[in-house]
>>> print(open('start32.txt').read())   # compact mmCIF, C-alpha atoms
# COMPACT_ATOMS: atom_id res chain seq x y z
CA MET A 1 -19.57 -24.37 21.01
CA THR A 2 -22.81 -22.84 22.21
CA THR A 3 -26.36 -23.66 21.16
CA LEU A 4 -29.22 -21.41 22.23
CA HIS A 5 -32.97 -21.75 22.00
CA ALA A 6 -35.43 -19.09 23.09
CA PRO A 7 -39.06 -17.92 23.02
CA ALA A 8 -40.56 -17.04 19.69
CA ARG A 9 -40.23 -13.61 18.24
CA ARG A 10 -39.95 -12.51 14.65
CA ALA A 11 -38.37 -9.30 13.43
CA ALA A 12 -38.75 -7.99 9.94
CA VAL A 13 -36.99 -5.64 7.57
CA THR A 14 -39.00 -2.45 7.87
CA ALA A 15 -37.29 -0.11 5.42
CA PRO A 16 -39.66 1.01 2.66
CA PRO A 17 -39.25 -0.58 -0.77
CA ARG A 18 -37.03 1.39 -3.13
CA HIS A 19 -36.07 1.19 -6.77
CA ARG A 20 -33.59 -1.56 -7.60
CA VAL A 21 -31.90 -2.51 -10.85
CA ARG A 22 -31.68 -6.25 -11.43
CA PRO A 23 -28.15 -7.47 -12.27
CA GLU A 24 -29.20 -9.14 -15.52
CA LEU A 25 -30.91 -5.96 -16.73
CA LEU A 26 -27.77 -3.95 -16.10
CA LEU A 27 -25.67 -6.47 -18.01
CA TRP A 28 -28.05 -6.44 -20.96
CA ALA A 29 -27.98 -2.63 -20.97
CA VAL A 30 -24.17 -2.63 -21.05
CA VAL A 31 -24.12 -5.18 -23.89
CA ALA A 32 -26.75 -3.22 -25.83
CA GLY A 33 -24.62 -0.09 -25.47
CA ALA A 34 -21.55 -1.91 -26.78
CA LEU A 35 -23.52 -3.15 -29.79
CA ALA A 36 -24.70 0.42 -30.43
CA VAL A 37 -21.06 1.59 -30.39
CA ILE A 38 -20.13 -1.08 -32.93
CA GLY A 39 -23.11 0.10 -34.99
CA LEU A 40 -21.76 3.65 -34.77
CA TRP A 41 -18.43 2.46 -36.17
CA TRP A 42 -20.17 0.44 -38.90
CA ARG A 43 -22.33 3.46 -39.86
CA GLY A 44 -19.29 5.66 -40.32
CA THR A 45 -17.15 3.08 -42.13
CA PRO A 46 -18.40 2.53 -45.70
CA SER A 47 -15.54 0.21 -46.74
CA VAL A 48 -12.20 -1.18 -45.59
CA SER A 49 -9.33 -2.20 -47.84
CA GLY A 50 -5.61 -2.78 -47.60
CA LEU A 51 -3.47 -3.53 -44.55
CA ASP A 52 -3.43 0.11 -43.49
CA GLY A 53 -7.22 0.29 -43.72
CA TRP A 54 -7.80 -2.83 -41.63
CA LEU A 55 -5.29 -1.73 -39.00
CA THR A 56 -6.69 1.81 -38.83
CA GLU A 57 -10.30 0.66 -38.57
CA SER A 58 -9.34 -1.90 -35.93
CA GLY A 59 -7.84 0.98 -33.99
CA ARG A 60 -10.98 3.06 -34.42
CA VAL A 61 -13.44 0.40 -33.27
CA THR A 62 -11.29 -0.57 -30.28
CA GLY A 63 -10.94 3.11 -29.41
CA LEU A 64 -14.71 3.61 -29.54
CA LEU A 65 -15.27 0.54 -27.37
CA ALA A 66 -12.58 1.68 -24.93
CA GLY A 67 -14.22 5.11 -24.65
CA TYR A 68 -17.59 3.50 -24.06
CA GLY A 69 -16.09 1.07 -21.56
CA MET A 70 -14.49 3.88 -19.59
CA ALA A 71 -17.86 5.60 -19.24
CA VAL A 72 -19.39 2.30 -18.07
CA LEU A 73 -16.64 1.78 -15.49
CA LEU A 74 -17.20 5.24 -14.04
CA GLY A 75 -20.96 4.68 -14.04
CA LEU A 76 -20.60 1.40 -12.10
CA MET A 77 -18.72 3.26 -9.38
CA ALA A 78 -21.03 6.31 -9.31
CA ARG A 79 -22.79 4.77 -6.29
CA VAL A 80 -26.23 5.09 -7.80
CA PRO A 81 -28.60 3.84 -5.06
CA ALA A 82 -30.72 1.71 -7.41
CA LEU A 83 -27.58 -0.12 -8.58
CA GLU A 84 -26.13 -0.44 -5.09
CA ARG A 85 -29.33 -1.97 -3.73
CA GLY A 86 -30.19 -4.16 -6.71
CA VAL A 87 -26.78 -5.35 -7.89
CA GLY A 88 -24.79 -4.92 -4.69
CA SER A 89 -21.55 -3.06 -4.00
CA ASP A 90 -19.41 -6.20 -4.07
CA ARG A 91 -20.69 -7.32 -7.45
CA LEU A 92 -20.37 -3.81 -8.90
CA ALA A 93 -16.78 -3.67 -7.68
CA ARG A 94 -16.00 -7.06 -9.22
CA TRP A 95 -17.57 -6.03 -12.52
CA HIS A 96 -15.63 -2.76 -12.38
CA ALA A 97 -12.35 -4.64 -11.85
CA MET A 98 -13.09 -7.14 -14.62
CA GLY A 99 -14.26 -4.40 -16.99
CA GLY A 100 -11.14 -2.40 -16.22
CA ARG A 101 -8.98 -5.21 -17.59
CA TYR A 102 -11.03 -5.27 -20.79
CA VAL A 103 -10.82 -1.49 -21.17
CA ILE A 104 -7.04 -1.48 -20.69
CA GLY A 105 -6.76 -4.22 -23.30
CA LEU A 106 -8.90 -2.21 -25.73
CA VAL A 107 -6.88 0.95 -25.10
CA VAL A 108 -3.58 -0.83 -25.75
CA ALA A 109 -5.03 -2.45 -28.91
CA HIS A 110 -6.31 0.96 -30.06
CA VAL A 111 -2.94 2.66 -29.59
CA LEU A 112 -0.92 -0.08 -31.28
CA THR A 113 -3.19 -0.66 -34.29
CA ILE A 114 -3.93 2.99 -35.01
CA ILE A 115 -0.23 3.94 -34.98
CA TRP A 116 0.69 0.88 -37.04
CA GLY A 117 -2.08 1.61 -39.55
CA TYR A 118 -0.99 5.23 -40.04
CA ALA A 119 2.64 4.13 -40.29
CA VAL A 120 1.79 1.69 -43.10
CA ALA A 121 -0.23 4.36 -44.91
CA ASP A 122 2.58 6.94 -44.62
CA GLN A 123 5.33 4.38 -45.24
CA SER A 124 7.14 5.45 -42.09
CA GLY A 125 8.47 3.79 -38.97
CA VAL A 126 6.12 3.08 -36.08
CA VAL A 127 8.12 5.20 -33.61
CA ASP A 128 8.36 8.14 -36.01
CA GLU A 129 4.64 7.91 -36.71
CA ALA A 130 3.82 7.82 -32.99
CA VAL A 131 5.86 11.01 -32.40
CA THR A 132 4.28 12.74 -35.40
CA MET A 133 0.76 11.86 -34.26
CA ALA A 134 1.39 12.98 -30.67
CA LEU A 135 2.84 16.35 -31.70
CA SER A 136 0.70 17.27 -34.71
CA PHE A 137 -2.73 15.59 -34.43
CA PRO A 138 -5.43 17.47 -32.45
CA ASP A 139 -5.60 16.35 -28.80
CA VAL A 140 -3.45 13.24 -29.35
CA LEU A 141 -0.91 14.53 -26.83
CA LYS A 142 -3.74 14.71 -24.27
CA ALA A 143 -4.75 11.18 -25.22
CA THR A 144 -1.16 10.04 -24.66
CA VAL A 145 -1.25 11.45 -21.13
CA ALA A 146 -4.60 9.72 -20.58
CA PHE A 147 -3.10 6.44 -21.83
CA PHE A 148 -0.28 6.51 -19.28
CA LEU A 149 -2.62 7.58 -16.49
CA LEU A 150 -4.85 4.59 -17.19
CA LEU A 151 -1.86 2.26 -17.27
CA GLY A 152 -0.74 3.64 -13.91
CA VAL A 153 -4.15 3.12 -12.35
CA ALA A 154 -4.22 -0.42 -13.77
CA LEU A 155 -0.84 -1.19 -12.20
CA VAL A 156 -1.85 -0.02 -8.72
CA SER A 157 -5.10 -2.00 -9.08
CA ALA A 158 -3.24 -5.27 -9.61
CA ARG A 159 -3.71 -7.64 -6.68
CA ALA A 160 -0.01 -7.71 -5.79
CA ALA A 161 0.15 -3.89 -5.69
CA ARG A 162 -3.10 -3.49 -3.71
CA ARG A 163 -1.79 -5.68 -0.93
CA ARG A 164 1.18 -3.38 -0.43
CA MET A 165 -0.60 -0.06 -0.12
CA ARG A 166 -3.04 1.58 2.22
CA TYR A 167 -6.70 1.70 1.25
CA GLU A 168 -6.65 5.50 1.26
CA THR A 169 -3.67 5.61 -1.15
CA TRP A 170 -5.30 3.13 -3.51
CA PHE A 171 -8.59 5.03 -3.33
CA TYR A 172 -7.20 8.46 -4.16
CA LEU A 173 -4.96 7.21 -6.97
CA HIS A 174 -8.15 6.12 -8.72
CA PHE A 175 -9.21 9.75 -9.05
CA TYR A 176 -6.71 10.02 -11.90
CA THR A 177 -9.23 7.98 -13.88
CA TYR A 178 -11.45 11.07 -14.00
CA LEU A 179 -8.61 13.11 -15.48
CA ALA A 180 -7.85 10.37 -18.00
CA ALA A 181 -11.52 10.19 -19.05
CA TRP A 182 -11.67 13.97 -19.54
CA LEU A 183 -8.48 14.02 -21.63
CA ALA A 184 -9.57 11.05 -23.75
CA PHE A 185 -13.04 12.50 -24.33
CA GLY A 186 -11.66 15.56 -26.13
CA HIS A 187 -9.38 13.35 -28.21
CA GLN A 188 -12.23 11.11 -29.34
CA LEU A 189 -14.37 13.99 -30.59
CA ALA A 190 -11.45 15.86 -32.16
CA THR A 191 -9.90 13.00 -34.15
CA GLY A 192 -12.53 10.25 -34.24
CA ALA A 193 -13.62 9.64 -37.83
CA GLN A 194 -17.07 8.51 -36.65
CA PHE A 195 -17.68 11.90 -35.00
CA THR A 196 -16.40 14.22 -37.74
CA GLY A 197 -19.41 15.95 -39.27
CA ASP A 198 -21.86 13.54 -37.59
CA ARG A 199 -24.00 15.59 -35.22
CA VAL A 200 -26.00 12.56 -34.02
CA ALA A 201 -22.86 10.67 -33.00
CA GLN A 202 -21.45 13.74 -31.26
CA VAL A 203 -24.65 14.32 -29.31
CA ALA A 204 -24.83 10.64 -28.31
CA TRP A 205 -21.26 10.75 -26.99
CA TYR A 206 -21.91 13.98 -25.09
CA VAL A 207 -25.06 12.48 -23.54
CA LEU A 208 -23.12 9.36 -22.47
CA TYR A 209 -20.25 11.21 -20.84
CA LEU A 210 -22.21 14.12 -19.40
CA GLY A 211 -24.80 11.69 -18.04
CA VAL A 212 -22.13 9.68 -16.23
CA ALA A 213 -20.50 12.91 -14.99
CA ALA A 214 -23.86 14.07 -13.61
CA LEU A 215 -24.31 10.77 -11.74
CA LEU A 216 -20.83 11.06 -10.25
CA VAL A 217 -21.33 14.64 -9.12
CA TRP A 218 -24.81 14.04 -7.70
CA TYR A 219 -24.23 10.77 -5.88
CA ARG A 220 -20.51 10.70 -5.07
CA PHE A 221 -19.89 14.35 -4.23
CA LEU A 222 -23.16 16.14 -3.49
CA GLY A 223 -24.86 13.11 -1.92
CA PRO A 224 -22.72 13.05 1.24
CA VAL A 225 -23.16 16.82 1.65
CA ARG A 226 -26.96 16.43 1.43
CA VAL A 227 -26.90 13.65 4.04
CA TRP A 228 -24.76 15.75 6.37
CA ALA A 229 -26.97 18.83 6.02
CA ARG A 230 -30.17 16.84 6.58
CA HIS A 231 -29.14 14.52 9.40
CA ARG A 232 -26.26 16.30 11.21
CA LEU A 233 -24.54 13.09 12.27
CA ARG A 234 -22.21 13.22 15.26
CA VAL A 235 -20.30 10.74 17.39
CA ALA A 236 -22.26 10.04 20.58
CA HIS A 237 -19.63 7.82 22.23
CA VAL A 238 -17.06 5.12 21.51
CA THR A 239 -16.87 1.77 23.31
CA ALA A 240 -14.12 -0.86 23.32
CA ASP A 241 -15.53 -4.30 22.43
CA ALA A 242 -12.33 -6.34 22.16
CA PRO A 243 -8.60 -5.77 21.80
CA GLY A 244 -8.25 -3.52 18.76
CA VAL A 245 -12.02 -3.40 18.15
CA VAL A 246 -14.27 -0.43 18.93
CA SER A 247 -17.92 0.42 18.35
CA ILE A 248 -18.80 3.97 17.36
CA HIS A 249 -22.28 5.10 18.33
CA LEU A 250 -23.70 7.94 16.26
CA THR A 251 -26.65 10.23 16.68
CA GLY A 252 -28.37 12.71 14.43
CA ARG A 253 -31.65 14.13 13.17
CA ARG A 254 -34.43 12.24 11.37
CA LEU A 255 -32.31 9.12 11.04
CA ALA A 256 -35.27 7.01 9.95
CA ARG A 257 -35.29 9.01 6.70
CA LEU A 258 -31.84 7.65 5.84
CA GLY A 259 -33.60 4.51 4.64
CA ALA A 260 -30.79 2.27 5.94
CA GLU A 261 -31.46 -1.46 6.11
CA PRO A 262 -29.79 -4.15 8.25
CA GLY A 263 -26.80 -5.52 6.36
CA GLN A 264 -25.93 -2.26 4.60
CA PHE A 265 -22.90 -0.02 5.04
CA PHE A 266 -21.93 3.64 4.73
CA ARG A 267 -18.69 5.33 3.78
CA TRP A 268 -17.80 7.36 6.84
CA ARG A 269 -15.79 10.57 6.95
CA PHE A 270 -14.97 11.71 10.49
CA LEU A 271 -14.21 15.44 10.56
CA THR A 272 -11.08 15.46 12.68
CA ARG A 273 -7.65 16.83 11.77
CA GLU A 274 -6.25 13.38 10.95
CA LEU A 275 -9.33 11.71 9.46
CA TRP A 276 -11.31 14.32 7.49
CA TRP A 277 -9.66 13.53 4.15
CA SER A 278 -10.60 9.83 4.07
CA ALA A 279 -13.99 8.14 3.69
CA ASN A 280 -13.89 4.44 4.60
CA PRO A 281 -16.63 1.78 4.31
CA TYR A 282 -17.95 0.21 7.52
CA SER A 283 -21.10 -1.85 7.95
CA LEU A 284 -23.77 -1.09 10.50
CA SER A 285 -23.35 -3.44 13.47
CA ALA A 286 -26.81 -2.85 14.93
CA ALA A 287 -30.16 -2.48 13.26
CA PRO A 288 -30.68 1.23 12.44
CA ASP A 289 -33.35 3.05 14.38
CA ARG A 290 -34.62 6.58 14.99
CA ASP A 291 -32.26 7.14 17.91
CA GLY A 292 -28.90 6.28 16.41
CA LEU A 293 -26.56 4.16 14.34
CA ARG A 294 -23.65 1.94 15.32
CA ILE A 295 -20.60 0.72 13.44
CA THR A 296 -17.91 -1.61 14.75
CA VAL A 297 -14.34 -1.35 13.48
CA LYS A 298 -11.24 -3.49 13.87
CA ALA A 299 -7.88 -1.70 13.83
CA LEU A 300 -6.31 -2.91 10.58
CA GLY A 301 -4.51 0.30 9.60
CA ASP A 302 -3.82 3.89 10.61
CA HIS A 303 -7.34 5.09 9.80
CA SER A 304 -9.24 2.36 11.64
CA ALA A 305 -6.87 2.52 14.62
CA ALA A 306 -7.43 6.29 14.93
CA LEU A 307 -11.18 5.78 15.34
CA ALA A 308 -10.64 4.64 18.93
CA ARG A 309 -9.59 8.22 19.74
CA LEU A 310 -12.76 9.88 18.44
CA ARG A 311 -14.38 12.27 20.86
CA PRO A 312 -18.11 12.70 21.48
CA GLY A 313 -19.51 15.46 19.32
CA THR A 314 -17.21 14.83 16.37
CA ARG A 315 -19.06 15.67 13.16
CA VAL A 316 -19.51 12.87 10.65
CA ILE A 317 -20.28 12.84 6.93
CA ALA A 318 -21.90 9.56 5.89
CA GLU A 319 -22.18 8.45 2.29
CA GLY A 320 -24.88 5.86 1.72
CA PRO A 321 -26.53 3.61 2.63
CA TYR A 322 -24.97 1.16 0.19
CA GLY A 323 -25.05 -2.53 -0.51
CA GLY A 324 -27.58 -5.19 -1.37
CA PHE A 325 -26.54 -7.58 1.42
CA THR A 326 -29.96 -7.34 3.07
CA GLY A 327 -32.95 -9.46 3.95
CA ARG A 328 -34.49 -8.63 0.60
CA LEU A 329 -32.15 -11.18 -0.99
CA GLY A 330 -33.84 -14.06 0.80
CA ARG A 331 -36.60 -16.17 -0.69
CA SER A 332 -36.78 -18.91 1.93
CA PRO A 333 -38.28 -18.83 5.44
CA LYS A 334 -35.03 -20.45 6.62
CA SER A 335 -31.62 -18.79 6.63
CA VAL A 336 -28.11 -19.72 7.74
CA LEU A 337 -25.68 -16.91 8.55
CA ILE A 338 -21.93 -17.65 8.48
CA ALA A 339 -19.58 -15.07 10.00
CA GLY A 340 -15.86 -14.88 10.60
CA GLY A 341 -14.19 -12.35 12.88
CA VAL A 342 -15.37 -8.78 12.38
CA GLY A 343 -17.50 -10.07 9.50
CA ILE A 344 -20.16 -10.55 12.16
CA THR A 345 -21.09 -6.85 11.93
CA PRO A 346 -23.66 -6.99 9.07
CA LEU A 347 -24.77 -10.50 10.07
CA ARG A 348 -25.48 -9.38 13.62
CA THR A 349 -28.06 -6.94 12.20
CA LEU A 350 -29.58 -9.68 10.04
CA PHE A 351 -29.65 -12.09 12.98
CA GLU A 352 -31.74 -9.50 14.80
CA THR A 353 -34.12 -8.64 11.99
CA LEU A 354 -34.49 -11.43 9.45
CA PRO A 355 -37.84 -13.19 9.68
CA GLY A 356 -38.11 -16.95 9.82
CA GLN A 357 -35.89 -19.71 11.16
CA LEU A 358 -32.27 -18.59 11.63
CA THR A 359 -28.99 -20.36 12.31
CA LEU A 360 -25.86 -18.30 12.96
CA LEU A 361 -22.41 -19.90 12.72
CA TYR A 362 -19.75 -17.57 14.09
CA ARG A 363 -16.02 -18.25 14.12
CA ALA A 364 -13.15 -16.28 15.67
CA ARG A 365 -9.52 -16.96 16.51
CA THR A 366 -9.79 -16.20 20.24
CA PRO A 367 -12.64 -15.90 22.76
CA GLU A 368 -11.91 -12.16 23.01
CA GLU A 369 -12.55 -11.76 19.28
CA LEU A 370 -16.07 -13.17 19.54
CA LEU A 371 -17.81 -9.82 19.22
CA PHE A 372 -21.31 -9.14 20.54
CA ARG A 373 -21.42 -12.50 22.34
CA ASP A 374 -23.88 -11.24 24.95
CA GLU A 375 -25.99 -9.45 22.35
CA LEU A 376 -26.17 -12.50 20.12
CA GLU A 377 -27.18 -14.71 23.01
CA GLU A 378 -29.86 -12.22 24.00
CA ILE A 379 -31.20 -12.08 20.45
CA ALA A 380 -31.32 -15.86 20.33
CA ARG A 381 -33.04 -15.93 23.74
CA VAL A 382 -35.69 -13.42 22.72
CA ARG A 383 -36.33 -15.15 19.40
CA GLY A 384 -37.56 -18.71 19.37
CA ASP A 385 -36.60 -19.43 15.82
CA ALA A 386 -32.85 -18.76 16.13
CA ARG A 387 -29.83 -20.90 16.95
CA LEU A 388 -26.30 -19.67 17.63
CA TYR A 389 -23.12 -21.72 17.19
CA CYS A 390 -19.75 -20.21 18.10
CA SER A 391 -16.33 -21.69 17.40
CA VAL A 392 -12.97 -20.39 18.67
CA GLY A 393 -9.43 -21.09 17.48
CA SER A 394 -7.76 -21.46 14.12
CA ARG A 395 -7.53 -25.23 14.64
CA SER A 396 -10.98 -25.74 16.14
CA PRO A 397 -13.36 -28.17 14.41
CA ASP A 398 -14.39 -26.67 11.11
CA LEU A 399 -17.94 -25.36 11.25
CA PHE A 400 -18.25 -25.74 7.49
CA THR A 401 -17.60 -29.46 7.42
CA GLY A 402 -20.81 -31.36 7.75
CA LEU A 403 -23.12 -28.40 7.37
CA ASP A 404 -25.73 -30.71 5.89
CA ARG A 405 -25.59 -32.83 9.04
CA LEU A 406 -26.05 -29.77 11.25
CA LEU A 407 -28.91 -28.62 9.02
CA PRO A 408 -30.41 -31.62 7.21
CA ASP A 409 -32.62 -29.28 5.15
CA LEU A 410 -29.71 -26.98 4.28
CA ARG A 411 -30.69 -26.93 0.60
CA GLU A 412 -33.87 -25.11 1.55
CA HIS A 413 -31.95 -22.29 3.29
CA ASP A 414 -30.74 -18.92 2.11
CA ALA A 415 -27.11 -18.50 3.12
CA TYR A 416 -25.44 -15.21 4.08
CA VAL A 417 -21.64 -15.24 4.39
CA CYS A 418 -19.30 -12.48 5.58
CA GLY A 419 -15.74 -12.69 6.80
CA PRO A 420 -12.10 -12.88 5.69
CA PRO A 421 -11.61 -13.91 2.05
CA GLU A 422 -10.29 -17.43 2.75
CA MET A 423 -13.11 -18.16 5.18
CA THR A 424 -15.69 -16.83 2.75
CA ARG A 425 -14.38 -19.03 -0.06
CA SER A 426 -14.32 -22.07 2.21
CA ALA A 427 -17.88 -21.45 3.40
CA ILE A 428 -19.22 -20.94 -0.13
CA GLN A 429 -17.50 -24.11 -1.33
CA ALA A 430 -19.00 -26.08 1.56
CA LEU A 431 -22.45 -24.69 0.85
CA ARG A 432 -22.23 -25.57 -2.83
CA SER A 433 -20.97 -29.06 -1.96
CA ALA A 434 -23.97 -29.49 0.32
CA GLY A 435 -26.28 -28.70 -2.58
CA VAL A 436 -27.23 -25.08 -1.84
CA PRO A 437 -27.97 -23.37 -5.18
CA ALA A 438 -25.67 -20.48 -6.11
CA HIS A 439 -28.59 -18.00 -6.23
CA ARG A 440 -29.30 -18.74 -2.55
CA ILE A 441 -25.74 -17.93 -1.44
CA HIS A 442 -25.18 -14.24 -0.64
CA HIS A 443 -21.83 -12.92 0.48
CA GLU A 444 -20.01 -9.70 1.20
CA SER A 445 -16.25 -9.24 0.92
CA PHE A 446 -13.82 -7.06 2.85
CA GLU A 447 -11.33 -6.95 -0.02
CA PHE A 448 -10.81 -3.61 -1.82
>>> encode(input="start32.txt", output="structure tokens")
Amino acid sequence: MTTLHAPARRAAVTAPPRHRVRPELLLWAVVAGALAVIGLWWRGTPSVSGLDGWLTESGRVTGLLAGYGMAVLLGLMARVPALERGVGSDRLARWHAMGGRYVIGLVVAHVLTIIWGYAVADQSGVVDEAVTMALSFPDVLKATVAFFLLLGVALVSARAARRRMRYETWFYLHFYTYLAAWLAFGHQLATGAQFTGDRVAQVAWYVLYLGVAALLVWYRFLGPVRVWARHRLRVAHVTADAPGVVSIHLTGRRLARLGAEPGQFFRWRFLTRELWWSANPYSLSAAPDRDGLRITVKALGDHSAALARLRPGTRVIAEGPYGGFTGRLGRSPKSVLIAGGVGITPLRTLFETLPGQLTLLYRARTPEELLFRDELEEIARVRGDARLYCSVGSRSPDLFTGLDRLLPDLREHDAYVCGPPEMTRSAIQALRSAGVPAHRIHHESFEF
């Protein structure tokens, strides 16, 4: 374990303030939209009677909510900068995953109740009614395809399935969600009772879906092209930091105008024959400046391992910056940073730039895996308000036990945590046990 003290120096986050959407405002907006959808159903449903009526109307309202929910899910993942900075990529991804389960449930409920309701009304079997609807109702066959596409995406998104596939495979399978949304959209307008002859409802639904589509096109597809054209990012050189770990140094034009902050990440697409098709998220591992950017990557798969073979001059398309894991989260003049393994990358930038009193706890399995050891020691030496503690070995004394003894005023600190999932959970639990309020604990996950 190493403790360092050094002369005083304070660094600050210098990126200009930008628009941010507060998490609670986004949640209220989503809830308000859902209530408006229920109001749309209520407006177009004068009365309900009989078993067939209740089943059919249950299918209609769940279908409307499922259609709305699908638009919300796509909007959460549109990578709108104000959402990414204010809510944070991790939280958006968690909300997207949780919302996806609700949407799948609504879709299944819609399919089952609407078929059952029509079967009761026609006095036919459920299977016969399902075949009749698929083959004779406008756009229901398209909706059937959309239904199975969504089920497929849901299956590959399950935790057990995600662990068995590459990130790139999982990522590209999700593009079928766009096709499912397009197929379902036509079905909703063609057969939805609430839209038939109701111009206001039709316009509202078009605005919802076209608005989300515009966000996706502008931020997810055109955004990276704009960044590439403006900044012309290229690989300057690649350095080996540890076994299986490399740092990629990038250069470009007018990099200050990227607006990147310490703690943020980009999705990087390296334009080589084997890597051009995949854009992977990696955090900045040094504070961004006018001269260049740096990311540090551990070889965990084919894509990350191939980065060690990048040549100087390789063109790079960067999508971002993303994430709200920045110094703007802090409200206290004291901060504790807890890192595990390659999770040090965003925390190394915060250790360099966060103002106030800092304590960095860094854990790795071997001495070789303690990344940036010299840099961290130099930062601590230059600053006078920073302490560095390093721990090596899976069985070494747990840094998270007795945090309140290491920092008697721990409750007054903001805490930033980044590392493997188990370590992150352990650190958060220790912080909560020590009395640190949940709103002062900020963390970033490596799970996809």
>>> residues_around(input="start32.txt", residues="Arg101 of chain A", least_positions_apart="3", cutoff="12 Å", atoms="all atoms listed in the file", output="list in words")
Ala66, Gly69, Met70, Leu73, Arg94, Trp95, His96, Ala97, Met98, Ile104, Gly105, Leu106, Val107, Val108, Leu150, Leu151, Val153, Ala154, Leu155, Ser157 and Ala158 of chain A
>>> residues_around(input="start32.txt", residues="Trp41 of chain A", least_positions_apart="4", cutoff="12 Å", atoms="all atoms listed in the file", output="list of chain:residue names")
A:Ala34, A:Leu35, A:Ala36, A:Val37, A:Thr45, A:Pro46, A:Ser47, A:Val48, A:Glu57, A:Ser58, A:Gly59, A:Arg60, A:Val61, A:Thr62, A:Gly63, A:Leu64, A:Leu65, A:Gly192, A:Ala193, A:Gln194, A:Phe195, A:Asp198, A:Ala201
>>> write_last_selection(input="start32.txt", atoms="C-alpha atoms", output="tab-separated table (two decimals), in the frame of the given file")
chain	number	residue	atom	x	y	z
A	34	ALA	CA	-21.55	-1.91	-26.78
A	35	LEU	CA	-23.52	-3.15	-29.79
A	36	ALA	CA	-24.70	0.42	-30.43
A	37	VAL	CA	-21.06	1.59	-30.39
A	45	THR	CA	-17.15	3.08	-42.13
A	46	PRO	CA	-18.40	2.53	-45.70
A	47	SER	CA	-15.54	0.21	-46.74
A	48	VAL	CA	-12.20	-1.18	-45.59
A	57	GLU	CA	-10.30	0.66	-38.57
A	58	SER	CA	-9.34	-1.90	-35.93
A	59	GLY	CA	-7.84	0.98	-33.99
A	60	ARG	CA	-10.98	3.06	-34.42
A	61	VAL	CA	-13.44	0.40	-33.27
A	62	THR	CA	-11.29	-0.57	-30.28
A	63	GLY	CA	-10.94	3.11	-29.41
A	64	LEU	CA	-14.71	3.61	-29.54
A	65	LEU	CA	-15.27	0.54	-27.37
A	192	GLY	CA	-12.53	10.25	-34.24
A	193	ALA	CA	-13.62	9.64	-37.83
A	194	GLN	CA	-17.07	8.51	-36.65
A	195	PHE	CA	-17.68	11.90	-35.00
A	198	ASP	CA	-21.86	13.54	-37.59
A	201	ALA	CA	-22.86	10.67	-33.00
>>> residues_around(input="start32.txt", residues="Arg20 of chain A", least_positions_apart="6", cutoff="9 Å", atoms="all atoms listed in the file", output="JSON, numbers by chain")
{"A": [81, 82, 83, 84, 85, 86, 87]}
>>> closest_atom_pairs(input="start32.txt", of="segment 414-444 of chain A", to="segment 330-335 of chain A", cutoff="12 Å", atoms="only C-alpha atoms", output="tab-separated table")
residue	atom	partner	partner_atom	distance
A:Asp414	CA	A:Ser335	CA	4.6
A:Ala415	CA	A:Ser335	CA	5.7
A:Tyr416	CA	A:Ser335	CA	7.6
A:Val417	CA	A:Ser335	CA	10.8
A:Val436	CA	A:Ser335	CA	11.4
A:His439	CA	A:Gly330	CA	9.6
A:Arg440	CA	A:Gly330	CA	7.3
A:Ile441	CA	A:Gly330	CA	9.3
A:His442	CA	A:Gly330	CA	8.8
>>> closest_residue(input="start32.txt", among="A:Val156, A:Leu27, A:Leu189, A:Ile428", to="Asp139 of chain A", atoms="only C-alpha atoms")
A:Leu189
>>> residues_around(input="start32.txt", residues="Leu358 of chain A", least_positions_apart="4", cutoff="12 Å", atoms="only C-alpha atoms", output="number ranges by chain")
A: 4-6, 8-11, 327, 330, 332-338, 347-348, 350-354, 379-380, 383-389, 407, 410, 413-416
>>> atom_distance(input="start32.txt", atom1="atom CA of His443 of chain A", atom2="atom CA of Cys418 of chain A")
5.7 Å
>>> atom_distance(input="start32.txt", atom1="atom CA of Trp268 of chain A", atom2="atom CA of Leu284 of chain A")
11.0 Å
>>> residues_around(input="start32.txt", residues="segment 419-422 of chain A", least_positions_apart="4", cutoff="7 Å", atoms="all atoms listed in the file", output="list in words")
Ala339, Gly340, Gly341, Val342, Gly343, Ser426, Ser445 and Phe446 of chain A
>>> closest_residue(input="start32.txt", among="A:Leu26, A:Ala364, A:Val227, A:Cys390", to="Gly88 of chain A", atoms="only C-alpha atoms")
A:Leu26
>>> closest_residue(input="start32.txt", among="A:His237, A:Lys142, A:Arg22, A:Arg411", to="Arg294 of chain A", atoms="all atoms listed in the file")
A:His237
>>> axis_aligned_box(input="start32.txt", around="segment 63-71 of chain A", padding_each_side="6 Å", output="AutoDock Vina command-line options")
--center_x -14.4 --center_y 3.1 --center_z -24.4 --size_x 18.9 --size_y 17.1 --size_z 22.3
>>> atom_distance(input="start32.txt", atom1="atom CA of Tyr118 of chain A", atom2="atom CA of Arg199 of chain A")
25.7 Å
>>> closest_residue(input="start32.txt", among="A:Ala93, A:Val120, A:Met77, A:Ala181", to="Leu51 of chain A", atoms="only C-alpha atoms")
A:Val120
>>> residues_near_point(input="start32.txt", point="(-24.5, -6.8, 6.8)", cutoff="7 Å", atoms="all atoms listed in the file", output="list in words")
Pro262, Gly263, Gln264, Ser283, Leu284, Phe325, Thr326, Thr345, Pro346, Leu347, Thr349 and Leu350 of chain A
>>> closest_residue(input="start32.txt", among="A:Ala32, A:Arg311, A:Arg373, A:Gly44", to="Gly197 of chain A", atoms="all atoms listed in the file")
A:Gly44
>>> closest_residue(input="start32.txt", among="A:Ala236, A:Ala29, A:Leu271, A:Ala305", to="Leu293 of chain A", atoms="all atoms listed in the file")
A:Ala236
